[in-house]
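Below is final_19.csv, holding CSV, C-alpha atoms.
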chain,number,residue,atom,x,y,z
A,1,MET,CA,125.2,78.9,71.4
A,2,SER,CA,123.3,76.8,69.0
A,3,GLU,CA,120.9,74.1,70.3
A,4,SER,CA,123.0,71.5,68.4
A,5,SER,CA,126.0,72.4,70.5
A,6,ALA,CA,124.0,72.1,73.7
A,7,ASP,CA,122.7,68.7,72.6
A,8,ARG,CA,126.2,67.5,71.8
A,9,ARG,CA,127.5,68.5,75.2
A,10,ARG,CA,124.6,66.8,76.9
A,11,ALA,CA,125.4,63.6,74.8
A,12,ILE,CA,129.1,63.9,75.8
A,13,LEU,CA,128.1,63.9,79.5
A,14,GLU,CA,125.9,60.8,79.0
A,15,ASN,CA,128.7,59.1,77.1
A,16,VAL,CA,131.3,59.7,79.8
A,17,ARG,CA,129.0,58.7,82.6
A,18,ALA,CA,128.0,55.5,80.8
A,19,LEU,CA,131.5,54.4,79.9
A,20,GLY,CA,133.5,55.8,82.7
A,21,TYR,CA,136.1,57.2,80.3
A,22,ALA,CA,136.0,58.8,76.8
A,23,GLY,CA,138.9,59.7,74.6
A,24,ALA,CA,138.9,63.1,73.0
A,25,GLY,CA,139.7,61.7,69.5
A,26,GLU,CA,136.9,59.1,69.8
A,27,LEU,CA,134.4,61.8,70.9
A,28,ALA,CA,135.4,64.0,67.9
A,29,ARG,CA,134.7,61.0,65.5
A,30,THR,CA,131.5,60.1,67.3
A,31,PHE,CA,130.1,63.6,67.0
A,32,CYS,CA,131.6,64.4,63.6
A,33,VAL,CA,133.4,67.6,64.7
A,34,ASP,CA,137.0,68.7,64.8
A,35,SER,CA,139.3,68.3,67.7
A,36,SER,CA,139.2,72.0,68.6
A,37,THR,CA,135.4,71.8,69.0
A,38,ILE,CA,135.7,68.8,71.3
A,39,ARG,CA,138.4,70.6,73.4
A,40,ARG,CA,136.1,73.6,73.9
A,41,ASP,CA,133.2,71.3,74.9
A,42,LEU,CA,135.3,69.4,77.4
A,43,ALA,CA,136.8,72.6,78.8
A,44,GLN,CA,133.4,74.0,79.5
A,45,LEU,CA,132.2,70.8,81.1
A,46,GLU,CA,135.3,70.7,83.2
A,47,ARG,CA,134.8,74.3,84.4
A,48,ALA,CA,131.3,73.2,85.5
A,49,GLY,CA,132.8,70.4,87.5
A,50,LEU,CA,131.1,67.7,85.5
A,51,VAL,CA,134.2,65.9,84.0
A,52,ARG,CA,137.8,65.6,84.9
A,53,ARG,CA,140.2,65.8,82.0
A,54,THR,CA,143.0,63.3,81.8
A,55,ARG,CA,145.8,62.8,79.2
A,56,GLY,CA,143.9,62.1,76.0
A,57,GLY,CA,140.3,62.1,77.4
A,58,VAL,CA,138.0,62.7,80.3
A,59,LEU,CA,136.6,60.9,83.3
A,60,PRO,CA,133.3,61.6,85.1
A,61,ALA,CA,133.7,64.1,88.0
A,62,ASP,CA,133.6,62.7,91.5
A,63,PRO,CA,130.2,63.6,93.1
A,64,ALA,CA,131.9,66.0,95.6
A,65,GLU,CA,133.4,67.9,92.6
A,66,ALA,CA,130.1,68.2,90.6
A,67,VAL,CA,128.9,71.7,90.3
A,68,ASP,CA,126.0,71.8,87.8
A,69,THR,CA,125.1,71.1,84.2
A,70,PRO,CA,125.9,74.2,82.2
A,71,TYR,CA,122.9,76.4,81.4
A,72,ASP,CA,123.1,75.9,77.6
A,73,VAL,CA,123.0,72.2,78.1
A,74,ARG,CA,120.0,72.3,80.5
A,75,ARG,CA,118.1,74.7,78.4
A,76,ALA,CA,117.9,72.2,75.6
A,77,GLN,CA,116.9,69.3,77.8
A,78,HIS,CA,113.1,68.5,77.8
A,79,ALA,CA,112.5,72.0,76.5
A,80,GLU,CA,108.8,71.5,75.5
A,81,ALA,CA,107.9,70.0,78.8
A,82,LYS,CA,109.6,72.9,80.7
A,83,HIS,CA,107.5,75.4,78.7
A,84,VAL,CA,104.2,73.8,79.6
A,85,LEU,CA,105.3,73.4,83.2
A,86,GLY,CA,106.1,77.1,83.3
A,87,GLN,CA,102.7,77.9,82.0
A,88,ALA,CA,101.0,75.7,84.7
A,89,ALA,CA,103.1,77.2,87.5
A,90,ALA,CA,102.2,80.8,86.5
A,91,GLU,CA,98.5,80.0,86.6
A,92,LEU,CA,98.8,79.8,90.4
A,93,VAL,CA,99.9,83.4,90.7
A,94,GLU,CA,97.5,86.4,90.8
A,95,ASP,CA,98.3,90.0,89.9
A,96,GLY,CA,99.9,92.0,92.7
A,97,GLN,CA,101.5,89.0,94.5
A,98,SER,CA,105.1,88.5,95.5
A,99,VAL,CA,107.1,85.7,94.0
A,100,ILE,CA,110.5,84.2,94.6
A,101,ILE,CA,112.0,82.4,91.6
A,102,ASP,CA,114.8,80.0,91.9
A,103,ASN,CA,117.5,79.5,89.3
A,104,GLY,CA,117.6,77.3,86.3
A,105,SER,CA,116.1,76.8,82.8
A,106,THR,CA,112.8,75.5,84.1
A,107,MET,CA,112.5,78.6,86.3
A,108,TYR,CA,113.2,80.8,83.2
A,109,GLN,CA,110.1,79.3,81.7
A,110,VAL,CA,108.1,80.1,84.8
A,111,ALA,CA,109.4,83.7,84.6
A,112,GLN,CA,108.4,84.0,80.9
A,113,ALA,CA,104.9,82.8,81.7
A,114,LEU,CA,104.6,85.2,84.6
A,115,ARG,CA,105.1,88.2,82.3
A,116,ARG,CA,101.4,87.9,81.6
A,117,ARG,CA,100.8,89.0,85.2
A,118,HIS,CA,100.9,92.6,86.4
A,119,ARG,CA,102.3,94.4,89.5
A,120,LEU,CA,104.3,91.4,90.7
A,121,THR,CA,107.1,91.7,93.2
A,122,VAL,CA,109.8,89.3,92.0
A,123,ILE,CA,112.9,88.1,94.0
A,124,THR,CA,115.4,85.9,92.2
A,125,ASN,CA,119.1,84.8,92.3
A,126,ASP,CA,119.1,83.9,88.6
A,127,LEU,CA,120.5,86.5,86.2
A,128,MET,CA,118.6,85.1,83.2
A,129,VAL,CA,115.3,85.2,85.1
A,130,ALA,CA,116.0,88.7,86.2
A,131,LEU,CA,116.6,89.8,82.6
A,132,CYS,CA,113.4,88.1,81.5
A,133,MET,CA,111.3,89.8,84.3
A,134,SER,CA,113.0,93.2,83.8
A,135,GLU,CA,111.3,93.5,80.4
A,136,HIS,CA,107.9,93.9,82.1
A,137,ALA,CA,107.6,97.5,83.3
A,138,THR,CA,105.0,96.9,86.0
A,139,HIS,CA,107.0,94.4,88.0
A,140,GLN,CA,109.2,95.3,90.9
A,141,LEU,CA,112.4,93.2,90.6
A,142,HIS,CA,114.8,92.4,93.4
A,143,MET,CA,118.1,90.5,92.9
A,144,THR,CA,119.7,88.7,95.7
A,145,GLY,CA,123.4,89.4,96.6
A,146,GLY,CA,125.9,86.7,96.4
A,147,VAL,CA,128.7,85.2,94.3
A,148,LEU,CA,128.1,84.3,90.7
A,149,LEU,CA,128.3,80.7,89.4
A,150,ASP,CA,129.0,81.8,85.9
A,151,THR,CA,128.1,78.5,84.1
A,152,VAL,CA,124.6,78.7,85.4
A,153,TYR,CA,124.1,82.5,85.9
A,154,THR,CA,123.3,82.0,89.6
A,155,LEU,CA,124.1,84.0,92.7
A,156,VAL,CA,124.9,81.9,95.8
A,157,GLY,CA,126.7,82.1,99.1
A,158,PRO,CA,126.1,84.0,102.4
A,159,GLY,CA,125.2,87.2,100.5
A,160,ALA,CA,122.4,85.5,98.7
A,161,VAL,CA,121.0,83.9,101.9
A,162,ALA,CA,121.2,87.2,103.8
A,163,SER,CA,119.2,88.9,101.0
A,164,LEU,CA,116.3,86.5,101.6
A,165,ARG,CA,116.2,86.6,105.4
A,166,GLY,CA,113.3,88.5,106.8
A,167,LEU,CA,111.4,88.6,103.5
A,168,HIS,CA,107.9,87.2,103.1
A,169,ALA,CA,106.6,86.2,99.7
A,170,ASP,CA,103.3,84.6,98.6
A,171,TRP,CA,105.1,82.0,96.4
A,172,ALA,CA,108.5,80.4,96.0
A,173,PHE,CA,109.1,78.5,92.8
A,174,LEU,CA,112.0,76.0,93.0
A,175,GLY,CA,113.7,73.9,90.5
A,176,ALA,CA,115.2,70.5,91.4
A,177,GLU,CA,117.9,68.2,90.2
A,178,ALA,CA,116.0,65.3,91.6
A,179,VAL,CA,112.7,64.6,93.5
A,180,HIS,CA,112.1,61.3,95.3
A,181,PRO,CA,109.1,60.2,97.5
A,182,GLN,CA,111.4,59.4,100.5
A,183,ALA,CA,114.5,61.6,99.9
A,184,GLY,CA,112.4,64.6,98.9
A,185,VAL,CA,114.0,67.4,96.8
A,186,THR,CA,117.8,67.0,96.3
A,187,ASN,CA,120.4,68.9,94.3
A,188,VAL,CA,123.8,68.1,92.9
A,189,ASN,CA,125.3,71.5,93.7
A,190,VAL,CA,125.8,71.9,97.5
A,191,VAL,CA,126.5,75.6,97.3
A,192,GLU,CA,122.9,76.2,96.2
A,193,ILE,CA,121.3,74.4,99.1
A,194,ALA,CA,121.3,77.2,101.7
A,195,VAL,CA,119.8,79.6,99.2
A,196,LYS,CA,117.0,77.3,98.2
A,197,GLN,CA,116.3,76.6,101.9
A,198,ALA,CA,116.2,80.4,102.6
A,199,MET,CA,113.7,80.7,99.7
A,200,ILE,CA,111.5,78.1,101.3
A,201,GLU,CA,111.6,79.9,104.7
A,202,ALA,CA,110.6,83.2,103.1
A,203,ALA,CA,107.6,81.9,101.2
A,204,GLU,CA,104.0,81.2,102.3
A,205,ARG,CA,103.6,78.5,99.6
A,206,VAL,CA,106.4,76.5,97.9
A,207,VAL,CA,106.0,75.0,94.4
A,208,VAL,CA,108.6,72.7,93.0
A,209,VAL,CA,108.6,72.6,89.2
A,210,ALA,CA,110.5,69.7,87.6
A,211,ASP,CA,110.0,67.6,84.4
A,212,SER,CA,109.3,63.9,85.0
A,213,SER,CA,112.9,62.9,84.2
A,214,LYS,CA,113.8,64.3,87.6
A,215,LEU,CA,111.3,62.3,89.6
A,216,GLY,CA,112.2,59.1,91.2
A,217,ARG,CA,115.8,60.2,91.4
A,218,ARG,CA,118.1,61.2,94.3
A,219,SER,CA,120.9,63.7,94.0
A,220,LEU,CA,123.8,64.6,96.2
A,221,ALA,CA,122.5,67.0,98.8
A,222,PRO,CA,119.0,67.4,100.5
A,223,VAL,CA,117.0,70.6,100.0
A,224,CYS,CA,113.7,69.7,101.7
A,225,GLY,CA,111.2,66.9,102.3
A,226,LEU,CA,108.0,66.7,100.3
A,227,GLU,CA,106.1,67.8,103.4
A,228,SER,CA,107.5,71.3,102.8
A,229,VAL,CA,106.1,71.4,99.3
A,230,HIS,CA,102.6,72.8,98.6
A,231,ALA,CA,102.6,71.8,95.0
A,232,LEU,CA,104.8,69.6,92.8
A,233,ILE,CA,104.3,70.3,89.1
A,234,THR,CA,105.6,67.8,86.6
A,235,ASP,CA,104.5,66.4,83.2
A,236,ASP,CA,102.2,63.4,82.6
A,237,ARG,CA,105.1,61.2,81.4
A,238,LEU,CA,105.4,60.1,85.1
A,239,PRO,CA,103.9,56.6,85.1
A,240,PRO,CA,100.5,56.5,86.9
A,241,SER,CA,101.7,53.7,89.1
A,242,GLU,CA,104.4,56.0,90.6
A,243,ARG,CA,102.2,59.0,91.2
A,244,THR,CA,100.5,58.1,94.5
A,245,ALA,CA,103.9,58.0,96.3
A,246,TYR,CA,104.3,61.8,95.9
A,247,GLY,CA,101.1,62.6,97.7
A,248,PRO,CA,98.3,65.1,97.1
A,249,ALA,CA,100.7,67.9,96.1
A,250,LEU,CA,101.5,66.3,92.8
A,251,ARG,CA,100.1,67.8,89.7
A,252,CYS,CA,100.8,66.2,86.3
A,253,VAL,CA,100.5,68.5,83.3
A,254,PRO,CA,100.0,67.1,79.8
A,255,ALA,CA,103.3,67.1,77.9
A,256,PRO,CA,103.6,67.8,74.2
A,257,ALA,CA,103.9,64.7,72.1
A,258,ASP,CA,107.2,65.8,70.7
A,259,THR,CA,108.9,66.5,74.1
A,260,HIS,CA,112.6,65.9,73.7
A,261,ARG,CA,113.7,62.9,75.8

Written form, structure tokens:
Amino acid sequence: MSESSADRRRAILENVRALGYAGAGELARTFCVDSSTIRRDLAQLERAGLVRRTRGGVLPADPAEAVDTPYDVRRAQHAEAKHVLGQAAAELVEDGQSVIIDNGSTMYQVAQALRRRHRLTVITNDLMVALCMSEHATHQLHMTGGVLLDTVYTLVGPGAVASLRGLHADWAFLGAEAVHPQAGVTNVNVVEIAVKQAMIEAAERVVVVADSSKLGRRSLAPVCGLESVHALITDDRLPPSERTAYGPALRCVPAPADTHR
């Protein structure tokens, strides 16, 4: 899918959430596309649990129905910042170590940066991360079991949790929907929570990687408190006045000037 399509679907989500309702015809005019294109956009967002279609338009999904932003939408959001965050996260890892990589577009950037390392043992529940890491011949790659969330290429459920039990890794890299000084790390998709918590339990050190748009926010379900996080890597667009609240684990990485906001 083109980046313009991902941008349009992200903008549709913002429009619906801001207004509380959006008509399909109005959306087609706003984005200068035909009605069949809008229908496809709305169908994918509905499959992801982000909107509810009604006669002639869409409503925001109830929080309990929310699943996750589709991968193609997330991939285009803050793409430049995610790239530099992935580079910064990979600098923590040495050749020969074991690494758990969570799901998501930011984690894909971590995986790409880790291809510079050698002889890593990599465990992931993300199909896109697995494909990325499989291109490096010296890495030993383990996929969790589980049930596929097809809009985000993620394996979840008891099978995924069971795959992580009893493992010990040097690092776990986690993405986050939201990170808050008091609420800690939270996520919109409740079916991912147990898998993320199993990753935390299996790792000696936990690193949360999230662009600054995620900080200061709370999402639906708690993953862990900040006391469980050894490093929180974000970009330097986080205002200096807000940084102290995240404690000594916070690391702010310079973001490119043209980061998409």

| request: Please measure the separation of atom CA of Ala169 of chain A and atom CA of Gly157 of chain A, giving the value in Å to one decimal. | output: 20.5 Å

| message | Can you tell me which residues surround Ile101 of chain A at a distance of at most 7 Å, considering all atoms listed in the file, apart from same-chain residues fewer than 2 positions away, and format the answer as a ChimeraX atom specification? | response | /A:99,103,107,123-124,172-174

| said: Residues within 12 Å of Thr138 of chain A, please, as a list of chain:residue names. Count all atoms listed in the file; anything in the same chain fewer than 6 positions from it doesn't count. | reply: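 The residues that qualify are A:Asp95, A:Gly96, A:Leu114, A:Arg115, A:Arg116, A:Arg117, A:His118, A:Arg119, A:Leu120, A:Thr121, A:Val122.
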
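Considering only C-alpha atoms, the residue among A:Ile200, A:Leu59, A:Leu250, A:Leu148 positioned nearest to Ser228 of chain A is A:Ile200.
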
| query | If you measure from atom CA of Asp7 of chain A to atom CA of Lys196 of chain A, what distance in Å do you get, rounded to one decimal? | reply | 27.6 Å

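The neighbours of segment 28-42 of chain A here are the residues that come within 9 Å of it, using only C-alpha atoms and leaving out any residue fewer than 5 positions away in the same chain; they are Ser5, Arg8, Arg9, Ile12, Gly23, Arg47, Val51, Arg52, Arg53, Gly57 and Val58 of chain A.
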
| Pick from A:Ser105, A:Ala245, A:Ala88, A:Gly175 nearest to Cys132 of chain A, counting only C-alpha atoms |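 Looking at the shortest contact to Cys132 of chain A, the residue is A:Ser105.
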
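Near segment 216-223 of chain A, within a cut-off of 6 Å and counting all atoms listed in the file, sit the residues Ala178, Val179, His180, Val185, Thr186, Asn187, Val188 and Ile193 of chain A, with same-chain residues fewer than 5 positions away left out.
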
| task | Using only C-alpha atoms, find the one residue out of A:Pro158, A:Ala113, A:Ala231, A:Asp170 that sits nearest to Val191 of chain A. | result |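 Going through A:Pro158, A:Ala113, A:Ala231, A:Asp170 one by one, the smallest distance to Val191 of chain A is for A:Pro158.
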
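A straight line drawn from atom CA of Gln109 of chain A to atom CA of Tyr153 of chain A is 15.0 Å long.
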
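Distance annotation: of A:Met199, A:Gly184, A:Ala111, A:Leu141, the residue with the minimal separation from Val161 of chain A is A:Met199; atom set is all atoms listed in the file.
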
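Among the candidates A:Val152, A:Ile233, A:Val190, A:Ala160, the one nearest to Val110 of chain A when counting all atoms listed in the file is A:Ile233.
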
| When distances are computed from all atoms listed in the file, which of A:Ala162, A:Met143, A:Ala48, A:Ala89 shows the smallest separation from Asn189 of chain A? |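 The closest residue to Asn189 of chain A is A:Ala48.
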
| said: Taking (119.3, 81.0, 92.5) in the coordinates of the supplied file, I want to know which residues reach to within 7 Å of it, counting only C-alpha atoms; could you give the answer as number ranges by chain? | reply: A: 102-103, 124-126, 154-156, 195

Selection file, C-alpha atoms, as a PDB file, in the frame of the given file:
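Result written to part04.pdb:
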ATOM      1  CA  ASP A 102     114.800  80.000  91.900  1.00  0.00           C
ATOM      2  CA  ASN A 103     117.500  79.500  89.300  1.00  0.00           C
ATOM      3  CA  THR A 124     115.400  85.900  92.200  1.00  0.00           C
ATOM      4  CA  ASN A 125     119.100  84.800  92.300  1.00  0.00           C
ATOM      5  CA  ASP A 126     119.100  83.900  88.600  1.00  0.00           C
ATOM      6  CA  THR A 154     123.300  82.000  89.600  1.00  0.00           C
ATOM      7  CA  LEU A 155     124.100  84.000  92.700  1.00  0.00           C
ATOM      8  CA  VAL A 156     124.900  81.900  95.800  1.00  0.00           C
ATOM      9  CA  VAL A 195     119.800  79.600  99.200  1.00  0.00           C
TER      10      VAL A 195
END
